[in-house]
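K.L.:
Input: one structure, supplied below.
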Amino acid sequence: MTRRVVLGVSGGIAAYKSCEVLRRLTESGHQVRVIPTESALKFVGAATFEALSGQPVRTEVFADVAEVPHVRVGQRAELVLVAPATADLLARAAHGRADDLLTATLLTVSCPVMLVPAMHTEMWEHPATRDNVALLRSRGVVVVEPASGRLTGADSGPGRLPEPAEIVELASLLLERADALPRDLVGCRVVVSAGGTREPLDPVRFLGNRSSGRQGYAVARVAAQRGAEVALVAAHTDGVVVPAGVRLVGVDTARQLHEAMLGESEQADVVVMAAAVADFRPATMEESKIKKTSTAAPTVRLLTNPDILVDLVARRRPGQLVVGFAAETGDAAGGVLDHARAKLSRKGCDLLVANAVGDGKAFGQPNNAGWLLAADGAEIELPLGSKVLLASRLWDEVAARRIKPPFSFRDRP
Ligand code: CTP
């Protein structure tokens, strides 16, 4: 569906990535009006934004005065996204300045506003910036957690602009659901598993599954943007954009995933098992490639892997909430929901997200649908939508359950 988006661009080196954000938004069918600041135009020319958006580009309120652009553009917008948002832009937005078309527009809008900061770590961590971010968030503005990594020059640390694909995924989430990213997980320590384990047969072959890791990454992404401290334990998630603001722990096999999850969950408030774990592994791993030496095909003896979710539930610390996923196809014994209900009680977790899989559904797809079942009896239908939308519904339920006594998040800003 076509939506009207304002893309604000302020003057940092990451401004060049706004072209990719713009391209992805227009390719999704949205009508995008770009409003750069004067400094942004030192990095990217107005002609580039005009060509990519197909719309005129202005920076100041004194152009096209008869059209009153500083009010009109904002009034029509369904989302204002500023990427990158520099420290200066955050300061001007926080204090209601209106000294150019972008900041004037920010004062006129009633739609969701998402600011994507990009700056050096020192500037991001400066008390002035922290206060500006807190002020903006207290007014309901979504200020995205930046990524950590290479900055301009040789520096590295938090302050990097998240990948354009991630920015557009979060922007699309806000277009689907304006209240999808509240800061209700601040102080909450979360561990999420994602991807699919591989069980080696020999140095080149393995038993694996079709999980891409996208749903688990979406769960981690939304948790981080809602303020949680997130560890993401990932098995074979190549090509999926690592969420900004999470700590990534890479694993290969079910046994490695088991060990990592038990370790990470010791301090966690919420544990989410979204990974597709191989239930069985070859009893032996051949040290060299299995050869076709005889006409008879080899027989592979399998051993059962530990059920990680069951172990996590058994070791659950007081107040910890454990969430499982269920990939179901339905069969002669029952439908997706019947199998999911049985799995929830068999595994003993607090919440279970049940997805219908097979026929090209869920695995590797951008969208997902299913049911959210809770041990307290709640059954919530999750209509077909993006994986981040499903993740935001899941975190709504977690947050609703976590704030009830005896649970409480540690009091951290
Ligand atoms: N799971 C796990 N360890 C395993 C297998 C699964 O922790 N060895 C977790 C998955 O991460 C998921 C949940 O258990 O959160 C359900 O996984 P699923 O593959 O749907 O179910 P299985 O336990 O494998 O049961 P079945 O094959 O009978 O459907």
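Numbering starts fresh at 1 for the residues of each chain in the structure tokens, the chains themselves are lettered A, B, ... in the order given, and ligands are numbered from 1 as they appear.
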Write out as a ChimeraX atom specification each polymer residue whose atoms come within 12 Å of region 53-63 of chain A, counting only C-alpha atoms; drop sequence neighbours fewer than 3 positions from it.

P.N.:
/A:4-11,18-27,29-41,44-50,66-73,98-105

K.L.:
Using only C-alpha atoms and all ligand atoms, which residues have at least one atom no more than 8 Å from ligand 1? Output them as an MDAnalysis selection string.

P.N.:
chainID A and resid 193 254 258 272:280 304:311 323:328 339 343 347 352 354

K.L.:
If you run DSSP on this backbone, which residues of region 330-365 of chain A come out as strand (DSSP E), and could you give them as a list in words?

P.N.:
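So, restricting region 330-365 of chain A to strand (DSSP E), we get Leu351, Leu352, Val353, Ala354, Asn355 and Ala356 of chain A.
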
K.L.:
Take the selection from the previous step and output its residues with N, CA, C and O atoms, as a PDB file, in the first residue's frame.

P.N.:
```pdb
ATOM      1  N   LEU A 351       5.182 -18.778  27.096  1.00  0.00           N
ATOM      2  CA  LEU A 351       4.523 -18.356  25.860  1.00  0.00           C
ATOM      3  C   LEU A 351       5.040 -19.220  24.719  1.00  0.00           C
ATOM      4  O   LEU A 351       6.212 -19.635  24.727  1.00  0.00           O
ATOM      5  N   LEU A 352       4.176 -19.466  23.748  1.00  0.00           N
ATOM      6  CA  LEU A 352       4.604 -20.231  22.574  1.00  0.00           C
ATOM      7  C   LEU A 352       4.034 -19.567  21.333  1.00  0.00           C
ATOM      8  O   LEU A 352       2.829 -19.303  21.255  1.00  0.00           O
ATOM      9  N   VAL A 353       4.918 -19.266  20.379  1.00  0.00           N
ATOM     10  CA  VAL A 353       4.474 -18.718  19.091  1.00  0.00           C
ATOM     11  C   VAL A 353       4.380 -19.886  18.122  1.00  0.00           C
ATOM     12  O   VAL A 353       5.385 -20.567  17.889  1.00  0.00           O
ATOM     13  N   ALA A 354       3.191 -20.144  17.607  1.00  0.00           N
ATOM     14  CA  ALA A 354       3.014 -21.267  16.681  1.00  0.00           C
ATOM     15  C   ALA A 354       2.878 -20.737  15.263  1.00  0.00           C
ATOM     16  O   ALA A 354       2.031 -19.888  14.993  1.00  0.00           O
ATOM     17  N   ASN A 355       3.739 -21.219  14.376  1.00  0.00           N
ATOM     18  CA  ASN A 355       3.680 -20.819  12.963  1.00  0.00           C
ATOM     19  C   ASN A 355       3.296 -22.013  12.120  1.00  0.00           C
ATOM     20  O   ASN A 355       3.777 -23.113  12.361  1.00  0.00           O
ATOM     21  N   ALA A 356       2.476 -21.741  11.110  1.00  0.00           N
ATOM     22  CA  ALA A 356       2.212 -22.776  10.113  1.00  0.00           C
ATOM     23  C   ALA A 356       3.385 -22.762   9.144  1.00  0.00           C
ATOM     24  O   ALA A 356       3.755 -21.707   8.638  1.00  0.00           O
TER      25      ALA A 356
END
```

K.L.:
Given the choices A:Ala178, A:Val109, A:Val222, A:Ala94, which gets closest to Glu145 (chain A) if the distance is worked out from only C-alpha atoms?

P.N.:
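Counting only C-alpha atoms, the residue closest to Glu145 (chain A) is A:Val222.
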
K.L.:
Name the closest residue to Val219 (chain A) among the candidates A:Thr197, A:Pro117, A:Val271, A:Thr299; distances are taken between atoms, counting only C-alpha atoms.

P.N.:
A:Val271

K.L.:
Choose the residue, out of A:Arg97, A:Arg393, A:Arg247, A:Arg301, that has the smallest atom-to-atom separation from Thr284 (chain A); count only C-alpha atoms.

P.N.:
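Counting only C-alpha atoms, the residue closest to Thr284 (chain A) is A:Arg301.
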
K.L.:
Can you tell me which residues surround Glu199 (chain A) at a distance of at most 9 Å, considering only C-alpha atoms, apart from same-chain residues fewer than 6 positions away, and format the answer as a compact mmCIF listing (two decimals) with all heavy atoms, in the first residue's frame?

P.N.:
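To be explicit, this is the file written out as part_39.txt:
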```txt
# COMPACT_ATOMS: atom_id res chain seq x y z
N ARG A 205 29.55 -32.32 4.73
CA ARG A 205 28.10 -32.54 4.73
C ARG A 205 27.52 -32.38 6.13
O ARG A 205 28.20 -32.61 7.12
CB ARG A 205 27.79 -33.95 4.21
CG ARG A 205 28.32 -34.22 2.82
CD ARG A 205 27.86 -35.59 2.38
NE ARG A 205 28.34 -35.92 1.06
CZ ARG A 205 29.45 -36.62 0.83
NH1 ARG A 205 30.20 -37.03 1.83
NH2 ARG A 205 29.80 -36.91 -0.40
N PHE A 206 26.24 -32.02 6.14
CA PHE A 206 25.59 -31.86 7.45
C PHE A 206 24.10 -32.15 7.32
O PHE A 206 23.55 -32.17 6.22
CB PHE A 206 25.78 -30.42 7.97
CG PHE A 206 25.30 -29.35 7.03
CD1 PHE A 206 23.95 -28.98 6.99
CD2 PHE A 206 26.19 -28.72 6.17
CE1 PHE A 206 23.50 -28.01 6.12
CE2 PHE A 206 25.74 -27.74 5.29
CZ PHE A 206 24.41 -27.38 5.25
N LEU A 207 23.45 -32.39 8.47
CA LEU A 207 21.99 -32.42 8.53
C LEU A 207 21.56 -31.04 8.99
O LEU A 207 22.05 -30.54 10.00
CB LEU A 207 21.50 -33.44 9.57
CG LEU A 207 21.83 -34.91 9.33
CD1 LEU A 207 21.24 -35.76 10.46
CD2 LEU A 207 21.26 -35.37 7.99
N GLY A 208 20.68 -30.41 8.23
CA GLY A 208 20.27 -29.04 8.59
C GLY A 208 18.79 -28.84 8.35
O GLY A 208 18.05 -29.79 8.16
N ASP A 252 27.16 -23.25 15.86
CA ASP A 252 27.06 -24.11 14.68
C ASP A 252 26.05 -25.25 14.92
O ASP A 252 25.05 -25.36 14.25
CB ASP A 252 28.48 -24.65 14.41
CG ASP A 252 28.58 -25.44 13.15
OD1 ASP A 252 27.72 -25.26 12.27
OD2 ASP A 252 29.52 -26.25 13.02
N THR A 253 26.33 -26.06 15.95
CA THR A 253 25.53 -27.27 16.18
C THR A 253 24.53 -27.07 17.33
O THR A 253 24.62 -26.11 18.09
CB THR A 253 26.46 -28.43 16.57
OG1 THR A 253 27.09 -28.08 17.81
CG2 THR A 253 27.53 -28.68 15.53
N ALA A 254 23.62 -28.07 17.47
CA ALA A 254 22.64 -28.02 18.56
C ALA A 254 23.33 -28.03 19.91
O ALA A 254 22.90 -27.34 20.84
CB ALA A 254 21.69 -29.21 18.44
N ALA A 278 18.13 -29.00 15.35
CA ALA A 278 18.06 -30.37 14.82
C ALA A 278 17.78 -31.31 15.98
O ALA A 278 18.49 -31.28 16.99
CB ALA A 278 19.38 -30.73 14.16
N PHE A 280 18.05 -34.48 15.92
CA PHE A 280 18.99 -35.62 15.89
C PHE A 280 20.31 -35.18 15.28
O PHE A 280 20.36 -34.27 14.47
CB PHE A 280 18.42 -36.76 15.04
CG PHE A 280 17.02 -37.14 15.45
CD1 PHE A 280 15.92 -36.69 14.72
CD2 PHE A 280 16.79 -37.90 16.58
CE1 PHE A 280 14.62 -37.01 15.09
CE2 PHE A 280 15.49 -38.24 16.97
CZ PHE A 280 14.40 -37.79 16.21
N ARG A 281 21.38 -35.89 15.66
CA ARG A 281 22.69 -35.64 15.05
C ARG A 281 23.32 -36.99 14.70
O ARG A 281 23.03 -38.00 15.38
CB ARG A 281 23.60 -34.86 16.01
CG ARG A 281 23.97 -35.62 17.26
CD ARG A 281 24.94 -34.86 18.16
NE ARG A 281 25.34 -35.68 19.30
CZ ARG A 281 24.65 -35.82 20.41
NH1 ARG A 281 23.49 -35.19 20.56
NH2 ARG A 281 25.08 -36.60 21.39
N PRO A 282 24.17 -37.01 13.68
CA PRO A 282 24.86 -38.26 13.37
C PRO A 282 25.69 -38.71 14.58
O PRO A 282 26.32 -37.87 15.24
CB PRO A 282 25.77 -37.88 12.20
CG PRO A 282 25.12 -36.69 11.58
CD PRO A 282 24.49 -35.94 12.72
N MET A 285 31.05 -38.15 13.56
CA MET A 285 31.41 -37.28 12.45
C MET A 285 32.68 -37.85 11.83
O MET A 285 33.70 -37.98 12.51
CB MET A 285 31.66 -35.86 12.92
CG MET A 285 32.02 -34.98 11.75
SD MET A 285 32.70 -33.39 12.20
CE MET A 285 33.70 -33.02 10.78
```

K.L.:
Where does DSSP see helix (DSSP H, G or I) in region 171-391 of chain A, if you list the residues as a PyMOL selection string?

P.N.:
chain A and resi 171-176+214-225+254-265+308-314+336-347+387-391
